[in-house]
$ cat start.tsv   # TSV, C-alpha atoms
chain	number	residue	atom	x	y	z
W	1	MET	CA	0.00	0.00	0.00
W	2	ASP	CA	1.27	3.49	-0.73
W	3	GLY	CA	-0.85	5.44	1.76
W	4	ARG	CA	-3.22	6.89	-0.85
W	5	ARG	CA	-6.98	6.86	-0.72
W	6	TYR	CA	-7.99	7.99	-4.19
W	7	GLY	CA	-4.92	10.17	-4.42
W	8	SER	CA	-5.09	11.78	-0.94
W	9	PRO	CA	-2.43	11.03	1.70
W	10	VAL	CA	-4.08	9.64	4.84
W	11	PRO	CA	-2.74	7.95	7.96
W	12	PRO	CA	-2.55	4.16	7.71
W	13	PRO	CA	-5.46	2.22	9.24
W	14	VAL	CA	-4.96	0.87	12.75
W	15	LEU	CA	-6.22	-2.56	13.78
W	16	PRO	CA	-8.00	-2.63	17.16
W	17	ALA	CA	-5.75	-3.74	20.00
W	18	ALA	CA	-5.16	-7.45	20.71
W	19	LEU	CA	-6.20	-8.51	17.19
W	20	GLN	CA	-3.99	-9.74	14.37
W	21	HIS	CA	-4.45	-9.89	10.63
W	22	ARG	CA	-2.95	-11.74	7.67
W	23	PRO	CA	-3.90	-12.73	4.11
W	24	MET	CA	-6.30	-15.63	3.78
W	25	HIS	CA	-4.89	-19.07	2.97
W	26	PRO	CA	-6.48	-21.92	0.98
W	27	ASP	CA	-6.83	-23.97	4.18
W	28	ASP	CA	-8.86	-21.21	5.88
W	29	ALA	CA	-12.07	-22.40	4.21
W	30	PRO	CA	-13.51	-24.35	7.21
W	31	ALA	CA	-12.90	-21.48	9.67
W	32	TRP	CA	-14.25	-18.98	7.13
W	33	ALA	CA	-17.40	-21.09	6.76
W	34	ASP	CA	-17.86	-21.09	10.55
W	35	LEU	CA	-17.50	-17.29	10.66
W	36	LEU	CA	-20.02	-16.80	7.85
W	37	ALA	CA	-22.49	-19.10	9.60
W	38	VAL	CA	-22.38	-16.93	12.75
W	39	ILE	CA	-22.82	-13.77	10.68
W	40	GLU	CA	-25.77	-15.26	8.79
W	41	GLU	CA	-27.49	-16.36	11.99
W	42	VAL	CA	-27.53	-12.77	13.28
W	43	ASP	CA	-27.96	-10.84	10.02
W	44	GLY	CA	-30.43	-13.22	8.36
W	45	THR	CA	-28.95	-12.87	4.89
W	46	GLY	CA	-30.27	-16.26	3.74
W	47	GLU	CA	-26.81	-17.13	2.41
W	48	HIS	CA	-25.18	-20.40	3.46
W	49	HIS	CA	-21.68	-21.59	2.59
W	50	SER	CA	-19.90	-24.91	2.90
W	51	ALA	CA	-16.17	-25.26	3.44
W	52	ALA	CA	-15.93	-26.93	0.02
W	53	ASP	CA	-17.63	-23.97	-1.66
W	54	LEU	CA	-15.31	-21.51	0.04
W	55	ALA	CA	-12.22	-23.55	-0.77
W	56	ARG	CA	-13.14	-23.14	-4.40
W	57	GLU	CA	-13.59	-19.40	-3.87
W	58	LEU	CA	-10.10	-19.19	-2.42
W	59	ALA	CA	-8.80	-21.05	-5.50
W	60	ASP	CA	-10.27	-18.44	-7.86
W	61	PRO	CA	-7.66	-17.87	-10.61
W	62	ASP	CA	-8.45	-14.14	-10.57
W	63	LEU	CA	-7.94	-13.74	-6.81
W	64	ASP	CA	-4.59	-12.56	-5.44
W	65	LEU	CA	-4.84	-13.76	-1.84
W	66	ASP	CA	-1.65	-12.03	-0.71
W	67	HIS	CA	-2.84	-8.58	-1.76
W	68	ASP	CA	-6.63	-8.85	-1.93
W	69	SER	CA	-7.69	-10.79	1.14
W	70	VAL	CA	-7.56	-10.14	4.88
W	71	LEU	CA	-8.43	-12.39	7.80
W	72	VAL	CA	-8.62	-10.74	11.23
W	73	LEU	CA	-7.87	-13.06	14.15
W	74	ASP	CA	-8.49	-13.02	17.87
W	75	GLY	CA	-6.06	-15.51	19.36
W	76	GLY	CA	-6.13	-17.55	16.18
W	77	ARG	CA	-9.93	-17.45	15.75
W	78	PRO	CA	-11.23	-15.57	12.67
W	79	VAL	CA	-13.46	-12.66	13.66
W	80	ALA	CA	-13.55	-10.66	10.41
W	81	TYR	CA	-12.59	-11.03	6.77
W	82	GLN	CA	-12.43	-9.18	3.50
W	83	VAL	CA	-11.96	-10.35	-0.07
W	84	LEU	CA	-11.44	-7.88	-2.91
W	85	ARG	CA	-12.08	-8.74	-6.55
W	86	LEU	CA	-10.76	-6.58	-9.35
W	87	ARG	CA	-12.92	-6.45	-12.47
W	88	ALA	CA	-11.90	-4.72	-15.67
W	89	GLY	CA	-14.85	-3.08	-17.43
W	90	PRO	CA	-15.41	-0.68	-20.32
W	91	ASP	CA	-15.37	2.31	-17.96
W	92	GLY	CA	-12.23	1.22	-16.11
W	93	ASN	CA	-11.27	-1.12	-13.32
W	94	VAL	CA	-13.56	-1.65	-10.34
W	95	VAL	CA	-12.82	-3.38	-7.04
W	96	HIS	CA	-15.76	-5.28	-5.53
W	97	THR	CA	-15.67	-5.97	-1.80
W	98	ASP	CA	-16.91	-8.96	0.17
W	99	GLY	CA	-16.46	-8.71	3.91
W	100	GLY	CA	-17.98	-9.27	7.31
W	101	VAL	CA	-17.39	-8.95	11.04
W	102	HIS	CA	-18.37	-11.42	13.78
W	103	PRO	CA	-21.37	-9.92	15.63
W	104	ALA	CA	-19.53	-10.08	18.98
W	105	PHE	CA	-16.69	-7.96	17.56
W	106	ARG	CA	-18.74	-5.18	15.99
W	107	ALA	CA	-18.60	-1.54	17.12
W	108	ARG	CA	-14.84	-1.86	17.64
W	109	GLY	CA	-13.69	-0.26	14.42
W	110	LEU	CA	-13.11	-3.49	12.49
W	111	GLY	CA	-15.51	-2.61	9.70
W	112	SER	CA	-13.90	0.80	9.26
W	113	TYR	CA	-10.47	-0.80	9.25
W	114	LEU	CA	-11.43	-3.21	6.46
W	115	LEU	CA	-13.16	-0.51	4.42
W	116	ASP	CA	-10.10	1.70	4.71
W	117	LEU	CA	-7.92	-1.15	3.40
W	118	ALA	CA	-10.31	-1.62	0.47
W	119	GLN	CA	-10.15	2.07	-0.44
W	120	ARG	CA	-6.37	2.05	-0.33
W	121	ARG	CA	-6.16	-1.03	-2.51
W	122	ALA	CA	-8.57	0.50	-5.04
W	123	GLY	CA	-6.45	3.64	-5.08
W	124	ASP	CA	-3.28	1.62	-5.67
W	125	LEU	CA	-4.99	-0.07	-8.62
W	126	ASP	CA	-6.47	3.19	-9.98
W	127	ALA	CA	-9.85	1.51	-9.68
W	128	GLY	CA	-13.34	2.36	-8.55
W	129	LEU	CA	-14.76	0.69	-5.47
W	130	GLN	CA	-18.17	-0.93	-4.95
W	131	VAL	CA	-19.49	-2.19	-1.62
W	132	ARG	CA	-22.71	-4.20	-1.70
W	133	VAL	CA	-24.51	-4.76	1.62
W	134	PRO	CA	-27.89	-6.21	2.64
W	135	ALA	CA	-30.29	-3.29	2.94
W	136	HIS	CA	-31.77	-4.60	6.21
W	137	VAL	CA	-28.42	-4.94	8.05
W	138	ALA	CA	-28.23	-1.60	9.83
W	139	ASP	CA	-24.58	-2.02	10.91
W	140	ALA	CA	-23.41	-2.47	7.32
W	141	VAL	CA	-25.49	0.42	6.00
W	142	ALA	CA	-24.25	2.71	8.78
W	143	LEU	CA	-20.64	1.74	8.09
W	144	ALA	CA	-20.86	2.64	4.41
W	145	GLU	CA	-22.80	5.84	4.89
W	146	GLY	CA	-20.67	6.89	7.86
W	147	ALA	CA	-17.58	6.56	5.65
W	148	GLY	CA	-19.10	8.97	3.14
W	149	PHE	CA	-20.28	6.37	0.65
W	150	VAL	CA	-23.49	6.92	-1.31
W	151	ALA	CA	-26.04	4.46	-2.65
W	152	ALA	CA	-25.44	3.85	-6.35
W	153	ARG	CA	-27.60	0.83	-7.12
W	154	TRP	CA	-30.32	-1.29	-5.54
W	155	TRP	CA	-30.84	-5.03	-5.99
W	156	SER	CA	-33.68	-7.40	-5.20
W	157	THR	CA	-33.55	-11.09	-4.45
W	158	LEU	CA	-36.72	-12.64	-5.83
W	159	HIS	CA	-38.39	-15.88	-4.73
W	160	ARG	CA	-40.80	-18.24	-6.46
W	161	ASP	CA	-42.72	-21.07	-4.78
W	162	LEU	CA	-42.43	-24.17	-6.97
W	163	THR	CA	-45.39	-25.91	-5.38
W	164	ARG	CA	-47.44	-23.55	-7.54
W	165	PRO	CA	-48.05	-24.44	-11.20
W	166	VAL	CA	-45.60	-23.34	-13.88
W	167	GLU	CA	-46.93	-22.53	-17.33
W	168	PRO	CA	-44.82	-23.74	-20.29
W	169	ALA	CA	-43.57	-21.05	-22.66
W	170	PRO	CA	-42.41	-22.12	-26.14
W	171	LEU	CA	-39.43	-20.56	-27.85
W	172	ALA	CA	-39.96	-18.18	-30.73
W	173	GLU	CA	-40.35	-19.81	-34.13
W	174	GLY	CA	-37.04	-20.66	-35.76
W	175	LEU	CA	-35.13	-21.15	-32.50
W	176	GLU	CA	-34.09	-24.43	-30.93
W	177	LEU	CA	-33.89	-25.31	-27.23
W	178	HIS	CA	-30.70	-27.15	-26.29
W	179	LEU	CA	-30.54	-28.75	-22.85
W	180	LEU	CA	-27.14	-28.41	-21.20
W	181	GLY	CA	-27.43	-31.54	-19.10
W	182	PRO	CA	-27.27	-33.90	-17.49
W	183	GLY	CA	-23.74	-34.59	-18.64
W	184	TYR	CA	-22.61	-31.04	-19.45
W	185	ASP	CA	-20.20	-30.87	-22.41
W	186	ALA	CA	-17.79	-28.04	-21.58
W	187	VAL	CA	-15.88	-28.42	-24.85
W	188	ARG	CA	-19.08	-27.96	-26.83
W	189	TRP	CA	-20.71	-25.21	-24.79
W	190	ASP	CA	-18.31	-23.17	-22.66
W	191	GLU	CA	-17.03	-20.80	-25.31
W	192	PRO	CA	-20.39	-20.11	-27.05
W	193	LEU	CA	-22.03	-19.53	-23.67
W	194	ARG	CA	-19.21	-17.27	-22.49
W	195	ALA	CA	-19.42	-15.21	-25.68
W	196	ALA	CA	-23.19	-14.87	-25.27
W	197	ARG	CA	-22.79	-13.94	-21.59
W	198	ASN	CA	-20.23	-11.22	-22.32
W	199	ALA	CA	-22.27	-9.78	-25.20
W	200	SER	CA	-25.62	-9.81	-23.40
W	201	PHE	CA	-24.22	-8.18	-20.24
W	202	ALA	CA	-22.12	-5.52	-21.97
W	203	GLY	CA	-22.89	-2.15	-20.43
W	204	HIS	CA	-24.70	-3.56	-17.39
W	205	PHE	CA	-23.86	-1.92	-14.07
W	206	GLY	CA	-20.98	-3.67	-12.31
W	207	SER	CA	-20.53	-6.21	-15.10
W	208	ALA	CA	-17.30	-6.96	-16.92
W	209	PRO	CA	-16.25	-9.39	-19.66
W	210	GLU	CA	-15.20	-12.79	-18.32
W	211	SER	CA	-12.19	-14.75	-19.48
W	212	ALA	CA	-12.49	-18.44	-20.29
W	213	ASP	CA	-10.95	-19.38	-16.94
W	214	THR	CA	-13.20	-17.02	-14.99
W	215	PHE	CA	-16.35	-18.21	-16.77
W	216	ALA	CA	-15.52	-21.86	-16.17
W	217	HIS	CA	-14.55	-21.32	-12.54
W	218	HIS	CA	-17.57	-19.27	-11.49
W	219	ARG	CA	-20.24	-20.66	-13.77
W	220	THR	CA	-20.18	-23.98	-15.59
W	221	GLY	CA	-17.31	-25.38	-13.50
W	222	SER	CA	-18.90	-24.49	-10.18
W	223	ARG	CA	-19.92	-27.24	-7.77
W	224	ALA	CA	-23.33	-25.56	-7.65
W	225	PHE	CA	-23.96	-25.63	-11.43
W	226	ARG	CA	-27.02	-27.69	-12.34
W	227	SER	CA	-26.76	-28.41	-16.05
W	228	GLU	CA	-29.96	-30.45	-16.01
W	229	CYS	CA	-31.95	-27.26	-15.32
W	230	SER	CA	-29.90	-25.08	-17.66
W	231	ALA	CA	-30.44	-24.48	-21.37
W	232	ALA	CA	-29.50	-22.45	-24.42
W	233	ALA	CA	-31.65	-21.01	-27.19
W	234	CYS	CA	-29.92	-21.38	-30.56
W	235	THR	CA	-30.46	-20.51	-34.18
W	236	PRO	CA	-30.54	-23.43	-36.64
W	237	ASP	CA	-26.85	-22.88	-37.41
W	238	GLY	CA	-25.96	-23.24	-33.73
W	239	GLN	CA	-25.49	-19.63	-32.59
W	240	VAL	CA	-26.38	-19.13	-28.91
W	241	VAL	CA	-28.78	-16.17	-28.71
W	242	GLY	CA	-30.10	-16.80	-25.21
W	243	PHE	CA	-29.12	-18.92	-22.23
W	244	LEU	CA	-29.94	-19.72	-18.62
W	245	LEU	CA	-27.49	-21.15	-16.07
W	246	ALA	CA	-29.01	-22.59	-12.89
W	247	PHE	CA	-27.36	-23.36	-9.56
W	248	GLU	CA	-28.18	-25.23	-6.37
W	249	PHE	CA	-26.22	-24.51	-3.20
W	250	ASP	CA	-25.84	-27.66	-1.13
W	251	ALA	CA	-25.11	-25.69	2.03
W	252	ARG	CA	-28.40	-23.85	1.69
W	253	THR	CA	-30.28	-27.10	1.11
W	254	ALA	CA	-28.68	-28.61	4.21
W	255	ALA	CA	-29.49	-25.53	6.33
W	256	THR	CA	-33.11	-25.09	5.20
W	257	GLY	CA	-34.24	-28.57	4.19
W	258	ASN	CA	-35.53	-27.09	0.93
W	259	ARG	CA	-34.03	-27.42	-2.53
W	260	ASP	CA	-33.89	-23.96	-4.12
W	261	LEU	CA	-33.02	-23.50	-7.78
W	262	TYR	CA	-30.98	-20.31	-7.99
W	263	VAL	CA	-31.09	-18.75	-11.46
W	264	MET	CA	-27.52	-17.53	-11.63
W	265	THR	CA	-27.47	-16.01	-15.11
W	266	VAL	CA	-30.07	-15.34	-17.80
W	267	GLY	CA	-29.04	-13.53	-20.95
W	268	THR	CA	-30.37	-12.72	-24.41
W	269	LEU	CA	-28.36	-11.10	-27.19
W	270	GLU	CA	-29.64	-7.59	-27.85
W	271	PRO	CA	-30.92	-8.19	-31.42
W	272	TRP	CA	-33.04	-11.07	-30.12
W	273	ARG	CA	-34.69	-9.33	-27.17
W	274	GLY	CA	-38.43	-8.86	-27.08
W	275	ARG	CA	-39.17	-12.33	-28.49
W	276	GLY	CA	-39.89	-14.15	-25.23
W	277	ILE	CA	-36.60	-16.04	-25.13
W	278	GLY	CA	-35.86	-15.29	-21.47
W	279	GLY	CA	-39.37	-16.29	-20.41
W	280	ALA	CA	-39.19	-19.55	-22.36
W	281	LEU	CA	-35.83	-20.47	-20.83
W	282	LEU	CA	-37.09	-19.58	-17.36
W	283	ALA	CA	-40.24	-21.69	-17.76
W	284	HIS	CA	-38.12	-24.62	-18.92
W	285	ALA	CA	-35.83	-24.31	-15.90
W	286	LEU	CA	-38.72	-24.12	-13.44
W	287	LEU	CA	-40.52	-27.10	-14.96
W	288	ARG	CA	-37.32	-29.16	-14.81
W	289	ALA	CA	-36.81	-28.07	-11.21
W	290	GLN	CA	-40.31	-29.19	-10.27
W	291	GLU	CA	-39.68	-32.59	-11.85
W	292	GLN	CA	-36.53	-32.97	-9.74
W	293	GLY	CA	-38.09	-32.05	-6.42
W	294	PHE	CA	-37.04	-28.42	-5.97
W	295	GLY	CA	-39.35	-26.52	-3.63
W	296	SER	CA	-38.51	-22.99	-4.73
W	297	SER	CA	-36.49	-20.82	-7.07
W	298	SER	CA	-34.68	-17.54	-6.47
W	299	LEU	CA	-32.59	-14.98	-8.35
W	300	THR	CA	-31.07	-11.54	-7.85
W	301	VAL	CA	-31.83	-8.62	-10.14
W	302	ASP	CA	-30.65	-5.05	-10.67
W	303	GLU	CA	-33.66	-2.85	-9.93
W	304	GLU	CA	-32.71	-0.49	-12.77
W	305	ASN	CA	-32.05	-3.10	-15.43
W	306	ALA	CA	-33.38	-1.74	-18.70
W	307	THR	CA	-33.83	-4.98	-20.65
W	308	GLY	CA	-37.41	-5.68	-19.54
W	309	ALA	CA	-36.51	-8.51	-17.18
W	310	LEU	CA	-38.93	-7.22	-14.53
W	311	GLY	CA	-41.89	-8.31	-16.58
W	312	VAL	CA	-40.32	-11.69	-17.32
W	313	TYR	CA	-39.78	-12.48	-13.64
W	314	THR	CA	-43.07	-11.15	-12.33
W	315	ARG	CA	-45.02	-13.00	-15.02
W	316	ALA	CA	-43.17	-16.14	-13.98
W	317	GLY	CA	-44.46	-15.71	-10.43
W	318	TYR	CA	-41.43	-14.27	-8.61
W	319	GLY	CA	-41.77	-11.75	-5.78
W	320	VAL	CA	-39.34	-9.73	-3.65
W	321	ALA	CA	-37.75	-11.57	-0.72
W	322	SER	CA	-34.95	-9.14	0.24
W	323	ARG	CA	-32.94	-6.18	-1.04
W	324	ALA	CA	-29.32	-5.08	-1.17
W	325	VAL	CA	-27.60	-1.82	-2.04
W	326	THR	CA	-24.28	-1.04	-3.73
W	327	TYR	CA	-22.41	1.90	-2.24
W	328	VAL	CA	-19.61	3.88	-3.88
W	329	PRO	CA	-17.29	6.51	-2.38
W	330	THR	CA	-18.46	10.10	-2.79
W	331	LEU	CA	-14.99	11.10	-3.95
W	332	TRP	CA	-14.62	8.55	-6.70
W	333	PRO	CA	-12.25	9.43	-9.55
W	334	ALA	CA	-14.39	10.92	-12.31
W	335	SER	CA	-13.36	8.19	-14.73
W	336	ARG	CA	-14.67	5.53	-12.31
W	337	ARG	CA	-17.88	7.20	-11.16
W	338	PHE	CA	-21.27	5.65	-11.91
W	339	PRO	CA	-24.48	7.66	-11.80
W	340	VAL	CA	-25.96	7.75	-8.30
W	341	ARG	CA	-29.60	6.78	-7.97
W	342	GLU	CA	-32.11	7.22	-5.19
W	343	SER	CA	-33.73	4.14	-3.66
W	344	PRO	CA	-37.07	3.22	-5.24
W	345	ASP	CA	-40.08	4.17	-3.13
W	346	SER	CA	-41.31	0.61	-2.81
W	347	GLY	CA	-39.54	-2.66	-2.19
W	348	ALA	CA	-41.95	-4.19	-4.69
W	349	ARG	CA	-40.26	-2.40	-7.57
W	350	VAL	CA	-37.81	-4.81	-9.13
W	351	ASP	CA	-36.07	-5.24	-12.42
W	352	GLY	CA	-33.69	-7.66	-14.05

$ encode --input "start.tsv" --output "structure tokens"
Amino acid sequence: MDGRRYGSPVPPPVLPAALQHRPMHPDDAPAWADLLAVIEEVDGTGEHHSAADLARELADPDLDLDHDSVLVLDGGRPVAYQVLRLRAGPDGNVVHTDGGVHPAFRARGLGSYLLDLAQRRAGDLDAGLQVRVPAHVADAVALAEGAGFVAARWWSTLHRDLTRPVEPAPLAEGLELHLLGPGYDAVRWDEPLRAARNASFAGHFGSAPESADTFAHHRTGSRAFRSECSAAACTPDGQVVGFLLAFEFDARTAATGNRDLYVMTVGTLEPWRGRGIGGALLAHALLRAQEQGFGSSSLTVDEENATGALGVYTRAGYGVASRAVTYVPTLWPASRRFPVRESPDSGARVDG
């Protein structure tokens, strides 16, 4: 670190007394999972993580553990963490934060310490900084706003009860539905799906093109990927013009006793939008999930998405379960600044 926070010299952050910190290690996954479980129990985020899932996160080829992770320890026990992920987008680099503090160690300056480290790292990388927090967790909201951050984007997690009927929705004439599983063929599908993902999400807030390794690691190579509920819409010559990738998180199933199909990514190439492709893929996924015993489905959407996804999801029977907000520093470099939006008036307003 060079002591800059977006170009301004500031004193280095000070860790509260009696605590230690170090970069995270690949073998920290079990202890990290235990910490996240305690945080979830108090904050009620609905997110559950297994040690195996987190070990894969720590093996992310894009993650520099030595420079972009911090584990805070109290006598060897993890009490806080932070992971930073650098994403290169069309408007410049952006650092995304993921962090948390054990409830028993809050109000001691740990959150401020981690946020200060994140700002310094973003400054070193000449990058913007985005901090997404659950909107209902008052401590996290107060931390961001108290540090001078402003709300830039709102997100909704939507839920759909799969004990209710699902209406089939055929693809537009001239398109073919290709099931991606069971028995996903990465050689056949990874590159066409990655190209479609990058093209369909170009210009979306917080999104960046994904390399082949990143796409495989986070999407089709994930332990949570469920190819049997995933599909692609293709032209007769094989071009992917729409796709849906579905996940199931084993840790969540174990914690809740309910199988939830999480719709990780839905995309349609811009020239093909407005033809019901997203709705058809979603209906297919939900029908397959019902056949396999899933009790619900969920997904997360940008409330200001301009592609018309709101109508797709609401027509498919989804409703708001929770909300999150992305904060950015007030004094962002101009080249990294996104437009700041006010929160919608109603939690029922969603988009995707």

$ closest_atom_pairs --input "start.tsv" --of "region 71-184 of chain W" --to "region 256-270 of chain W" --cutoff "12 Å" --atoms "all atoms listed in the file" --output "tab-separated table"
residue	atom	partner	partner_atom	distance
W:Thr157	CA	W:Tyr262	CA	10.2
W:Leu158	CA	W:Tyr262	CA	9.8
W:His159	CA	W:Tyr262	CA	9.2
W:Arg160	CA	W:Asp260	CA	9.3
W:Asp161	CA	W:Asp260	CA	9.3
W:Leu162	CA	W:Asp260	CA	9.0
W:Thr163	CA	W:Asp260	CA	11.7

$ residues_around --input "start.tsv" --residues "Val94 (chain W)" --least-positions-apart "2" --cutoff "6 Å" --atoms "all atoms listed in the file" --output "ChimeraX atom specification"
/W:86-87,127-129

$ closest_residue --input "start.tsv" --among "W:Ala195, W:Val241, W:Leu117, W:Val70" --to "His21 (chain W)" --atoms "all atoms listed in the file"
W:Val70

$ atom_distance --input "start.tsv" --atom1 "CA of Glu145 (chain W)" --atom2 "CA of Tyr327 (chain W)"
8.2 Å

$ atom_distance --input "start.tsv" --atom1 "CA of Leu281 (chain W)" --atom2 "CA of Trp155 (chain W)"
22.0 Å

$ atom_distance --input "start.tsv" --atom1 "CA of Ala122 (chain W)" --atom2 "CA of Arg85 (chain W)"
10.0 Å

$ residues_around --input "start.tsv" --residues "Pro329 (chain W)" --least-positions-apart "3" --cutoff "8 Å" --atoms "all atoms listed in the file" --output "list of chain:residue names"
W:Leu129, W:Gln130, W:Gly148, W:Phe149, W:Val150, W:Trp332

$ residues_near_point --input "start.tsv" --point "(-33.5, -13.8, -2.4)" --cutoff "9 Å" --atoms "all atoms listed in the file" --output "MDAnalysis selection string"
chainID W and resid 45:47 156:159 262 297:300 320:323

$ residues_around --input "start.tsv" --residues "Gly100 (chain W)" --least-positions-apart "6" --cutoff "10 Å" --atoms "only C-alpha atoms" --output "list in words"
Leu35, Leu36, Ile39, Glu40, Val79, Ala80, Tyr81, Gln82, Val83, Arg106, Leu110, Gly111, Leu114, Val133 and Ala140 of chain W

$ write_last_selection --input "start.tsv" --atoms "C-alpha atoms" --output "PDB file, in the frame of the given file"
ATOM      1  CA  LEU W  35     -17.500 -17.290  10.660  1.00  0.00           C
ATOM      2  CA  LEU W  36     -20.020 -16.800   7.850  1.00  0.00           C
ATOM      3  CA  ILE W  39     -22.820 -13.770  10.680  1.00  0.00           C
ATOM      4  CA  GLU W  40     -25.770 -15.260   8.790  1.00  0.00           C
ATOM      5  CA  VAL W  79     -13.460 -12.660  13.660  1.00  0.00           C
ATOM      6  CA  ALA W  80     -13.550 -10.660  10.410  1.00  0.00           C
ATOM      7  CA  TYR W  81     -12.590 -11.030   6.770  1.00  0.00           C
ATOM      8  CA  GLN W  82     -12.430  -9.180   3.500  1.00  0.00           C
ATOM      9  CA  VAL W  83     -11.960 -10.350  -0.070  1.00  0.00           C
ATOM     10  CA  ARG W 106     -18.740  -5.180  15.990  1.00  0.00           C
ATOM     11  CA  LEU W 110     -13.110  -3.490  12.490  1.00  0.00           C
ATOM     12  CA  GLY W 111     -15.510  -2.610   9.700  1.00  0.00           C
ATOM     13  CA  LEU W 114     -11.430  -3.210   6.460  1.00  0.00           C
ATOM     14  CA  VAL W 133     -24.510  -4.760   1.620  1.00  0.00           C
ATOM     15  CA  ALA W 140     -23.410  -2.470   7.320  1.00  0.00           C
TER      16      ALA W 140
END

$ residues_around --input "start.tsv" --residues "region 211-226 of chain W" --least-positions-apart "4" --cutoff "9 Å" --atoms "only C-alpha atoms" --output "list in words"
Ala52, Asp53, Arg56, Glu57, Asp60, Pro61, Asp62, Leu180, Gly181, Pro182, Tyr184, Ala186, Asp190, Glu191, Arg194, Ser230, Leu245, Ala246, Phe247, Glu248, Phe249, Asp250, Leu261, Met264 and Thr265 of chain W

$ residues_around --input "start.tsv" --residues "Gly278 (chain W)" --least-positions-apart "6" --cutoff "12 Å" --atoms "only C-alpha atoms" --output "number ranges by chain"
W: 169-172, 177, 200, 231-233, 241-245, 263, 265-270, 272, 284-285, 307-313, 315-316, 352

$ residues_near_point --input "start.tsv" --point "(-13.7, 4.4, 11.1)" --cutoff "12 Å" --atoms "only C-alpha atoms" --output "number ranges by chain"
W: 11-16, 106-117, 142-148

$ closest_residue --input "start.tsv" --among "W:Leu84, W:Ala289, W:Ala251, W:Ala324" --to "Glu303 (chain W)" --atoms "all atoms listed in the file"
W:Ala324

$ closest_residue --input "start.tsv" --among "W:Glu176, W:Pro165, W:Ala255, W:Cys234" --to "Trp189 (chain W)" --atoms "all atoms listed in the file"
W:Cys234

$ closest_residue --input "start.tsv" --among "W:Asp74, W:Asp185, W:Asp68, W:Glu167" --to "Arg121 (chain W)" --atoms "all atoms listed in the file"
W:Asp68

$ closest_residue --input "start.tsv" --among "W:Asp302, W:Pro134, W:Gln292, W:Glu173" --to "Arg275 (chain W)" --atoms "only C-alpha atoms"
W:Glu173
